[in-house]
$ cat data.pdb   # PDB, C-alpha atoms and all ligand atoms
ATOM      1  CA  MET A   1     -38.243  26.085  88.373
ATOM      2  CA  GLN A   2     -37.223  25.313  84.806
ATOM      3  CA  VAL A   3     -35.814  28.076  82.569
ATOM      4  CA  ILE A   4     -35.874  27.605  78.795
ATOM      5  CA  ILE A   5     -34.029  30.168  76.666
ATOM      6  CA  LEU A   6     -35.081  30.325  73.007
ATOM      7  CA  LYS A   7     -34.086  32.571  70.121
ATOM      8  CA  ASN A   8     -37.133  34.715  69.558
ATOM      9  CA  ALA A   9     -40.842  35.241  70.132
ATOM     10  CA  GLU A  10     -41.829  32.836  67.367
ATOM     11  CA  GLU A  11     -39.813  29.983  68.900
ATOM     12  CA  ILE A  12     -41.353  30.790  72.286
ATOM     13  CA  GLY A  13     -44.839  30.701  70.760
ATOM     14  CA  ASP A  14     -44.209  27.377  69.033
ATOM     15  CA  TYR A  15     -42.720  25.830  72.147
ATOM     16  CA  VAL A  16     -45.540  26.838  74.500
ATOM     17  CA  ALA A  17     -48.209  25.968  71.922
ATOM     18  CA  GLY A  18     -46.623  22.494  71.766
ATOM     19  CA  VAL A  19     -46.830  22.145  75.557
ATOM     20  CA  ILE A  20     -50.511  23.157  75.508
ATOM     21  CA  LEU A  21     -51.435  20.815  72.662
ATOM     22  CA  ALA A  22     -49.572  17.914  74.288
ATOM     23  CA  GLY A  23     -51.619  18.501  77.455
ATOM     24  CA  VAL A  24     -54.872  18.582  75.500
ATOM     25  CA  ASP A  25     -53.847  15.402  73.653
ATOM     26  CA  ASP A  26     -52.996  13.414  76.774
ATOM     27  CA  GLY A  27     -56.095  14.697  78.616
ATOM     28  CA  SER A  28     -54.179  16.549  81.370
ATOM     29  CA  LEU A  29     -55.223  20.006  80.137
ATOM     30  CA  LYS A  30     -58.902  20.814  80.322
ATOM     31  CA  VAL A  31     -58.693  24.285  81.870
ATOM     32  CA  LEU A  32     -56.243  26.821  80.458
ATOM     33  CA  GLY A  33     -55.318  30.032  82.272
ATOM     34  CA  VAL A  34     -54.749  32.831  79.788
ATOM     35  CA  ALA A  35     -52.977  36.180  80.048
ATOM     36  CA  THR A  36     -53.447  39.356  78.037
ATOM     37  CA  GLY A  37     -50.680  41.769  77.012
ATOM     38  CA  SER A  38     -48.079  41.360  74.280
ATOM     39  CA  SER A  39     -45.989  38.499  75.682
ATOM     40  CA  PRO A  40     -48.399  35.572  75.128
ATOM     41  CA  LEU A  41     -49.530  36.700  71.658
ATOM     42  CA  PRO A  42     -46.943  34.491  69.880
ATOM     43  CA  VAL A  43     -48.409  31.519  71.768
ATOM     44  CA  TYR A  44     -51.945  32.288  70.587
ATOM     45  CA  GLU A  45     -50.673  32.904  67.057
ATOM     46  CA  ALA A  46     -48.860  29.552  67.040
ATOM     47  CA  LEU A  47     -52.004  27.786  68.260
ATOM     48  CA  GLU A  48     -54.024  29.531  65.555
ATOM     49  CA  ARG A  49     -51.501  28.420  62.909
ATOM     50  CA  ARG A  50     -51.922  24.830  64.013
ATOM     51  CA  ARG A  51     -55.722  25.151  63.673
ATOM     52  CA  THR A  52     -56.612  22.701  66.369
ATOM     53  CA  PRO A  53     -60.315  21.877  66.568
ATOM     54  CA  GLU A  54     -59.856  19.900  69.809
ATOM     55  CA  LEU A  55     -59.292  23.174  71.705
ATOM     56  CA  SER A  56     -63.021  23.835  71.454
ATOM     57  CA  SER A  57     -63.573  21.474  74.378
ATOM     58  CA  ILE A  58     -61.334  23.295  76.877
ATOM     59  CA  SER A  59     -62.289  26.060  79.302
ATOM     60  CA  ALA A  60     -60.248  29.218  79.775
ATOM     61  CA  PHE A  61     -59.899  31.697  82.628
ATOM     62  CA  ALA A  62     -58.290  35.096  82.170
ATOM     63  CA  LEU A  63     -56.075  36.549  84.872
ATOM     64  CA  ASP A  64     -57.489  40.009  85.139
ATOM     65  CA  GLU A  65     -59.703  42.840  83.921
ATOM     66  CA  TYR A  66     -59.724  46.596  84.277
ATOM     67  CA  VAL A  67     -62.322  48.120  86.578
ATOM     68  CA  GLY A  68     -64.442  50.867  85.073
ATOM     69  CA  LEU A  69     -63.802  50.147  81.398
ATOM     70  CA  PRO A  70     -66.900  49.061  79.456
ATOM     71  CA  TYR A  71     -66.528  45.642  77.814
ATOM     72  CA  SER A  72     -67.317  47.325  74.504
ATOM     73  CA  HIS A  73     -63.963  49.171  74.804
ATOM     74  CA  ALA A  74     -61.409  47.494  72.508
ATOM     75  CA  GLU A  75     -58.828  47.369  75.322
ATOM     76  CA  SER A  76     -61.079  45.869  77.982
ATOM     77  CA  TYR A  77     -59.735  42.403  78.674
ATOM     78  CA  HIS A  78     -63.144  40.976  77.763
ATOM     79  CA  ALA A  79     -62.603  42.398  74.271
ATOM     80  CA  VAL A  80     -58.903  41.454  74.120
ATOM     81  CA  ILE A  81     -59.528  37.865  75.219
ATOM     82  CA  ASP A  82     -62.374  37.532  72.723
ATOM     83  CA  ARG A  83     -60.187  38.850  69.890
ATOM     84  CA  GLU A  84     -56.826  37.248  70.723
ATOM     85  CA  VAL A  85     -57.820  34.026  72.448
ATOM     86  CA  THR A  86     -61.427  32.912  71.910
ATOM     87  CA  LYS A  87     -61.490  33.630  68.191
ATOM     88  CA  ARG A  88     -57.904  32.624  67.332
ATOM     89  CA  LEU A  89     -58.063  29.355  69.288
ATOM     90  CA  ARG A  90     -61.687  28.800  68.278
ATOM     91  CA  LEU A  91     -62.719  28.232  71.877
ATOM     92  CA  ASP A  92     -66.338  27.910  72.907
ATOM     93  CA  PRO A  93     -67.201  31.465  74.164
ATOM     94  CA  ALA A  94     -69.433  29.954  76.846
ATOM     95  CA  ARG A  95     -66.325  28.323  78.354
ATOM     96  CA  VAL A  96     -64.182  31.452  78.377
ATOM     97  CA  HIS A  97     -64.207  33.442  81.608
ATOM     98  CA  VAL A  98     -62.892  36.924  82.375
ATOM     99  CA  PRO A  99     -63.176  38.654  85.776
ATOM    100  CA  ASP A 100     -66.260  40.870  85.942
ATOM    101  CA  GLY A 101     -64.625  44.260  86.430
ATOM    102  CA  ALA A 102     -67.898  45.975  85.468
ATOM    103  CA  SER A 103     -69.931  44.326  88.234
ATOM    104  CA  ASP A 104     -72.086  46.462  90.548
ATOM    105  CA  ASP A 105     -70.818  44.279  93.384
ATOM    106  CA  LEU A 106     -67.060  43.920  92.859
ATOM    107  CA  PRO A 107     -66.244  42.002  96.087
ATOM    108  CA  GLN A 108     -68.926  39.418  95.228
ATOM    109  CA  ALA A 109     -67.674  39.204  91.631
ATOM    110  CA  CYS A 110     -64.193  38.372  92.992
ATOM    111  CA  LEU A 111     -65.629  35.551  95.116
ATOM    112  CA  ASP A 112     -67.714  34.332  92.167
ATOM    113  CA  TYR A 113     -64.615  34.174  89.958
ATOM    114  CA  GLU A 114     -62.728  32.040  92.471
ATOM    115  CA  GLU A 115     -65.778  29.789  92.712
ATOM    116  CA  ALA A 116     -66.040  29.454  88.931
ATOM    117  CA  ILE A 117     -62.386  28.324  88.764
ATOM    118  CA  ARG A 118     -63.035  25.836  91.549
ATOM    119  CA  GLN A 119     -66.186  24.504  89.852
ATOM    120  CA  ALA A 120     -64.206  23.992  86.641
ATOM    121  CA  GLY A 121     -61.766  21.780  88.558
ATOM    122  CA  GLY A 122     -58.950  24.353  88.854
ATOM    123  CA  VAL A 123     -56.538  25.628  86.241
ATOM    124  CA  ASP A 124     -54.397  22.916  84.644
ATOM    125  CA  LEU A 125     -51.924  25.213  82.922
ATOM    126  CA  GLN A 126     -51.592  28.948  83.515
ATOM    127  CA  ILE A 127     -49.871  31.127  80.919
ATOM    128  CA  LEU A 128     -48.265  34.226  82.435
ATOM    129  CA  GLY A 129     -46.434  37.332  81.302
ATOM    130  CA  ILE A 130     -44.448  39.518  83.695
ATOM    131  CA  GLY A 131     -44.540  43.289  84.088
ATOM    132  CA  GLY A 132     -41.482  45.502  84.442
ATOM    133  CA  SER A 133     -42.416  45.852  88.134
ATOM    134  CA  GLY A 134     -42.294  42.053  88.494
ATOM    135  CA  HIS A 135     -46.091  41.776  88.592
ATOM    136  CA  ILE A 136     -47.871  38.642  87.424
ATOM    137  CA  GLY A 137     -51.538  39.029  86.717
ATOM    138  CA  PHE A 138     -51.994  42.536  88.100
ATOM    139  CA  ASN A 139     -50.453  41.578  91.420
ATOM    140  CA  GLU A 140     -48.286  44.602  91.925
ATOM    141  CA  PRO A 141     -45.335  44.722  94.364
ATOM    142  CA  THR A 142     -46.408  44.195  98.014
ATOM    143  CA  SER A 143     -49.133  41.713  96.950
ATOM    144  CA  SER A 144     -49.572  38.877  99.413
ATOM    145  CA  PHE A 145     -48.416  35.460  98.226
ATOM    146  CA  ALA A 146     -51.687  34.103  99.667
ATOM    147  CA  SER A 147     -53.940  36.609  97.867
ATOM    148  CA  ARG A 148     -56.997  35.517  95.909
ATOM    149  CA  THR A 149     -59.014  37.355  93.251
ATOM    150  CA  ARG A 150     -59.528  40.944  94.402
ATOM    151  CA  ILE A 151     -59.455  44.614  93.405
ATOM    152  CA  LYS A 152     -56.010  46.209  93.110
ATOM    153  CA  THR A 153     -54.758  49.687  92.291
ATOM    154  CA  LEU A 154     -52.459  49.743  89.272
ATOM    155  CA  THR A 155     -49.043  51.295  89.890
ATOM    156  CA  PRO A 156     -48.045  54.396  87.897
ATOM    157  CA  GLU A 157     -45.393  52.192  86.192
ATOM    158  CA  THR A 158     -47.986  49.667  84.994
ATOM    159  CA  ARG A 159     -50.341  52.437  83.853
ATOM    160  CA  ALA A 160     -47.467  54.012  81.909
ATOM    161  CA  ASP A 161     -46.542  50.605  80.365
ATOM    162  CA  ASN A 162     -50.142  49.994  79.316
ATOM    163  CA  ALA A 163     -50.685  53.526  77.999
ATOM    164  CA  ARG A 164     -49.507  52.192  74.615
ATOM    165  CA  PHE A 165     -52.885  50.493  74.242
ATOM    166  CA  PHE A 166     -54.892  53.709  74.835
ATOM    167  CA  ASP A 167     -55.217  57.061  73.032
ATOM    168  CA  THR A 168     -53.937  58.998  76.046
ATOM    169  CA  PRO A 169     -52.222  57.809  79.271
ATOM    170  CA  ASP A 170     -55.010  59.164  81.478
ATOM    171  CA  GLN A 171     -57.453  56.734  79.844
ATOM    172  CA  VAL A 172     -55.693  53.764  81.488
ATOM    173  CA  PRO A 173     -57.958  52.709  84.367
ATOM    174  CA  LEU A 174     -56.716  53.162  87.938
ATOM    175  CA  HIS A 175     -58.014  49.839  89.226
ATOM    176  CA  CYS A 176     -58.272  46.240  88.148
ATOM    177  CA  MET A 177     -59.715  42.933  89.278
ATOM    178  CA  THR A 178     -57.000  40.284  89.301
ATOM    179  CA  GLN A 179     -56.497  36.693  90.320
ATOM    180  CA  GLY A 180     -54.298  36.700  93.415
ATOM    181  CA  LEU A 181     -50.859  35.142  93.746
ATOM    182  CA  GLY A 182     -52.472  32.360  95.770
ATOM    183  CA  THR A 183     -54.923  31.763  92.906
ATOM    184  CA  ILE A 184     -52.092  31.618  90.364
ATOM    185  CA  LEU A 185     -49.989  29.318  92.560
ATOM    186  CA  ALA A 186     -52.954  26.919  92.770
ATOM    187  CA  ALA A 187     -52.713  26.210  89.013
ATOM    188  CA  ARG A 188     -51.247  22.745  88.446
ATOM    189  CA  ARG A 189     -48.626  24.058  86.070
ATOM    190  CA  VAL A 190     -47.484  27.593  85.216
ATOM    191  CA  VAL A 191     -45.602  28.753  82.123
ATOM    192  CA  LEU A 192     -44.313  32.337  82.115
ATOM    193  CA  VAL A 193     -43.229  33.860  78.810
ATOM    194  CA  ALA A 194     -41.122  37.005  78.397
ATOM    195  CA  GLN A 195     -39.341  38.619  75.505
ATOM    196  CA  GLY A 196     -36.996  41.583  75.214
ATOM    197  CA  ARG A 197     -34.307  43.364  77.232
ATOM    198  CA  GLN A 198     -36.917  45.442  79.093
ATOM    199  CA  LYS A 199     -38.035  42.250  80.897
ATOM    200  CA  ALA A 200     -34.528  41.061  81.886
ATOM    201  CA  ALA A 201     -34.437  42.610  85.368
ATOM    202  CA  ALA A 202     -37.932  41.379  86.278
ATOM    203  CA  VAL A 203     -37.161  37.868  84.972
ATOM    204  CA  ALA A 204     -33.908  37.695  86.957
ATOM    205  CA  ALA A 205     -35.626  38.958  90.118
ATOM    206  CA  ALA A 206     -38.447  36.414  89.704
ATOM    207  CA  VAL A 207     -36.154  33.461  88.981
ATOM    208  CA  GLU A 208     -33.054  34.174  91.064
ATOM    209  CA  GLY A 209     -33.905  37.015  93.398
ATOM    210  CA  PRO A 210     -35.065  36.573  96.966
ATOM    211  CA  LEU A 211     -38.606  35.433  97.528
ATOM    212  CA  THR A 212     -40.244  38.776  98.174
ATOM    213  CA  ALA A 213     -43.601  40.499  97.857
ATOM    214  CA  MET A 214     -41.666  43.340  96.200
ATOM    215  CA  CYS A 215     -41.275  41.029  93.182
ATOM    216  CA  PRO A 216     -44.586  39.152  92.873
ATOM    217  CA  GLY A 217     -43.108  36.937  90.137
ATOM    218  CA  SER A 218     -40.708  35.482  92.723
ATOM    219  CA  ALA A 219     -43.751  33.662  94.181
ATOM    220  CA  LEU A 220     -43.331  31.227  91.279
ATOM    221  CA  GLN A 221     -40.237  29.853  93.050
ATOM    222  CA  LEU A 222     -42.751  28.221  95.410
ATOM    223  CA  HIS A 223     -44.564  26.447  92.573
ATOM    224  CA  PRO A 224     -43.712  22.766  92.021
ATOM    225  CA  ASP A 225     -44.137  22.946  88.234
ATOM    226  CA  ALA A 226     -43.135  26.385  86.938
ATOM    227  CA  THR A 227     -41.432  26.933  83.588
ATOM    228  CA  ILE A 228     -40.020  30.257  82.413
ATOM    229  CA  VAL A 229     -39.684  30.523  78.619
ATOM    230  CA  VAL A 230     -37.675  33.552  77.517
ATOM    231  CA  ASP A 231     -35.672  34.860  74.610
ATOM    232  CA  GLU A 232     -31.971  35.690  74.951
ATOM    233  CA  GLN A 233     -32.645  39.373  75.716
ATOM    234  CA  ALA A 234     -35.090  38.625  78.517
ATOM    235  CA  ALA A 235     -32.554  36.102  79.894
ATOM    236  CA  ALA A 236     -29.729  38.654  79.823
ATOM    237  CA  ASP A 237     -29.664  39.354  83.582
ATOM    238  CA  LEU A 238     -29.796  35.693  84.680
ATOM    239  CA  ARG A 239     -26.571  34.508  86.301
TER     240      ARG A 239
HETATM  241  C1  LIG A 301     -52.049  40.481  81.644
HETATM  242  C2  LIG A 301     -51.241  40.361  82.840
HETATM  243  C3  LIG A 301     -49.975  41.121  83.032
HETATM  244  C4  LIG A 301     -49.068  41.082  81.819
HETATM  245  C5  LIG A 301     -47.823  41.924  82.076
HETATM  246  C6  LIG A 301     -46.891  41.930  80.888
HETATM  247  O1  LIG A 301     -53.191  39.651  81.749
HETATM  248  O2  LIG A 301     -51.639  39.657  83.684
HETATM  249  O3  LIG A 301     -49.283  40.556  84.128
HETATM  250  O4  LIG A 301     -48.714  39.763  81.542
HETATM  251  O5  LIG A 301     -48.199  43.243  82.354
HETATM  252  O6  LIG A 301     -47.509  42.582  79.830
HETATM  253  P1  LIG A 301     -46.891  42.516  78.382
HETATM  254  O7  LIG A 301     -46.905  41.101  77.965
HETATM  255  O8  LIG A 301     -47.800  43.361  77.540
HETATM  256  O9  LIG A 301     -45.511  43.073  78.490
END
$ encode --input "data.pdb" --output "structure tokens"
Amino acid sequence: MQVIILKNAEEIGDYVAGVILAGVDDGSLKVLGVATGSSPLPVYEALERRRTPELSSISAFALDEYVGLPYSHAESYHAVIDREVTKRLRLDPARVHVPDGASDDLPQACLDYEEAIRQAGGVDLQILGIGGSGHIGFNEPTSSFASRTRIKTLTPETRADNARFFDTPDQVPLHCMTQGLGTILAARRVVLVAQGRQKAAAVAAAVEGPLTAMCPGSALQLHPDATIVVDEQAAADLR
């Protein structure tokens, strides 16, 4: 696992945008895994600044979606991905995929999502953030390292963290559909970004802590090509 410590969110965004564009240029990146939340926004902003028309040929797969939130809701991940990723990067909307958390048949929708990733040839580079609980995607503590896309219950900590996006905390959905840790580990390359002191403990546990289902991010220690890109505050607890 490679750890890169940069000064601030803008440097992180520029660095990861450079990695993505280099992959698109040399043909190794055709399928990009995208995350929602605050952490990857500087990456999307940096890509938007560079105004790269060649991104229109890539496919994208989001990590997760709330269950029970209509896609018309501004905080559904369908809406967030459309606003922050598809439009900023000028991707082809037909090539952008988000788990179908509004499906009438959620177990089948999970299987269909795994199949869609497989049909696309797998994810070449997966962008990740990390939650205070150590979750990646919405794989909360105790998630199996072998898990695939499935329905999970959000922890009270994650619901409280995400309450900032909603009018009231009780509006945060209880459940989500998320790629599993096994799905994420199958990406050819993973790049996790984190900023701020509030992420330091989770980053240290993921990078240096024991491999444990209690810190889902520690699963990345098993990945042959994982890079962690953090600012100095998020790196503060690393030894
Ligand atoms: C979002 C996701 C989550 C977030 C994590 C950190 O698609 O999968 O794992 O990356 O909750 O969220 P932020 O970046 O908002 O602190």
$ closest_residue --input "data.pdb" --among "A:Cys215, A:Thr86, A:Ala194, A:Pro93" --to "Val230 (chain A)" --atoms "all atoms listed in the file"
A:Ala194
$ atom_distance --input "data.pdb" --atom1 "CA of Ile12 (chain A)" --atom2 "CA of Thr227 (chain A)"
11.9 Å
$ closest_residue --input "data.pdb" --among "A:Ile184, A:Ala163, A:Leu29, A:Leu128" --to "Leu41 (chain A)" --atoms "all atoms listed in the file"
A:Leu128
$ resolve_selection --input "data.pdb" --expression "the PyMOL selection byres (((not hetatm)) within 9 of (chain A and resi 301))" --output "compact mmCIF listing (two decimals) with C-alpha atoms, in the frame of the given file"
# COMPACT_ATOMS: atom_id res chain seq x y z
CA VAL A 34 -54.75 32.83 79.79
CA ALA A 35 -52.98 36.18 80.05
CA THR A 36 -53.45 39.36 78.04
CA GLY A 37 -50.68 41.77 77.01
CA SER A 38 -48.08 41.36 74.28
CA SER A 39 -45.99 38.50 75.68
CA PRO A 40 -48.40 35.57 75.13
CA LEU A 41 -49.53 36.70 71.66
CA ALA A 62 -58.29 35.10 82.17
CA LEU A 63 -56.08 36.55 84.87
CA ASP A 64 -57.49 40.01 85.14
CA GLU A 65 -59.70 42.84 83.92
CA TYR A 77 -59.74 42.40 78.67
CA ILE A 127 -49.87 31.13 80.92
CA LEU A 128 -48.26 34.23 82.44
CA GLY A 129 -46.43 37.33 81.30
CA ILE A 130 -44.45 39.52 83.70
CA GLY A 131 -44.54 43.29 84.09
CA GLY A 132 -41.48 45.50 84.44
CA SER A 133 -42.42 45.85 88.13
CA GLY A 134 -42.29 42.05 88.49
CA HIS A 135 -46.09 41.78 88.59
CA ILE A 136 -47.87 38.64 87.42
CA GLY A 137 -51.54 39.03 86.72
CA PHE A 138 -51.99 42.54 88.10
CA ASN A 139 -50.45 41.58 91.42
CA GLU A 140 -48.29 44.60 91.92
CA THR A 158 -47.99 49.67 84.99
CA ASP A 161 -46.54 50.60 80.36
CA ASN A 162 -50.14 49.99 79.32
CA THR A 178 -57.00 40.28 89.30
CA GLN A 179 -56.50 36.69 90.32
CA LEU A 192 -44.31 32.34 82.12
CA VAL A 193 -43.23 33.86 78.81
CA ALA A 194 -41.12 37.01 78.40
CA GLN A 195 -39.34 38.62 75.50
CA GLN A 198 -36.92 45.44 79.09
CA LYS A 199 -38.03 42.25 80.90
$ resolve_selection --input "data.pdb" --expression "the PyMOL selection byres (((chain A and resi 106) around 12) and not hetatm)" --output "ChimeraX atom specification"
/A:65-68,99-105,107-113,149-152,175-178
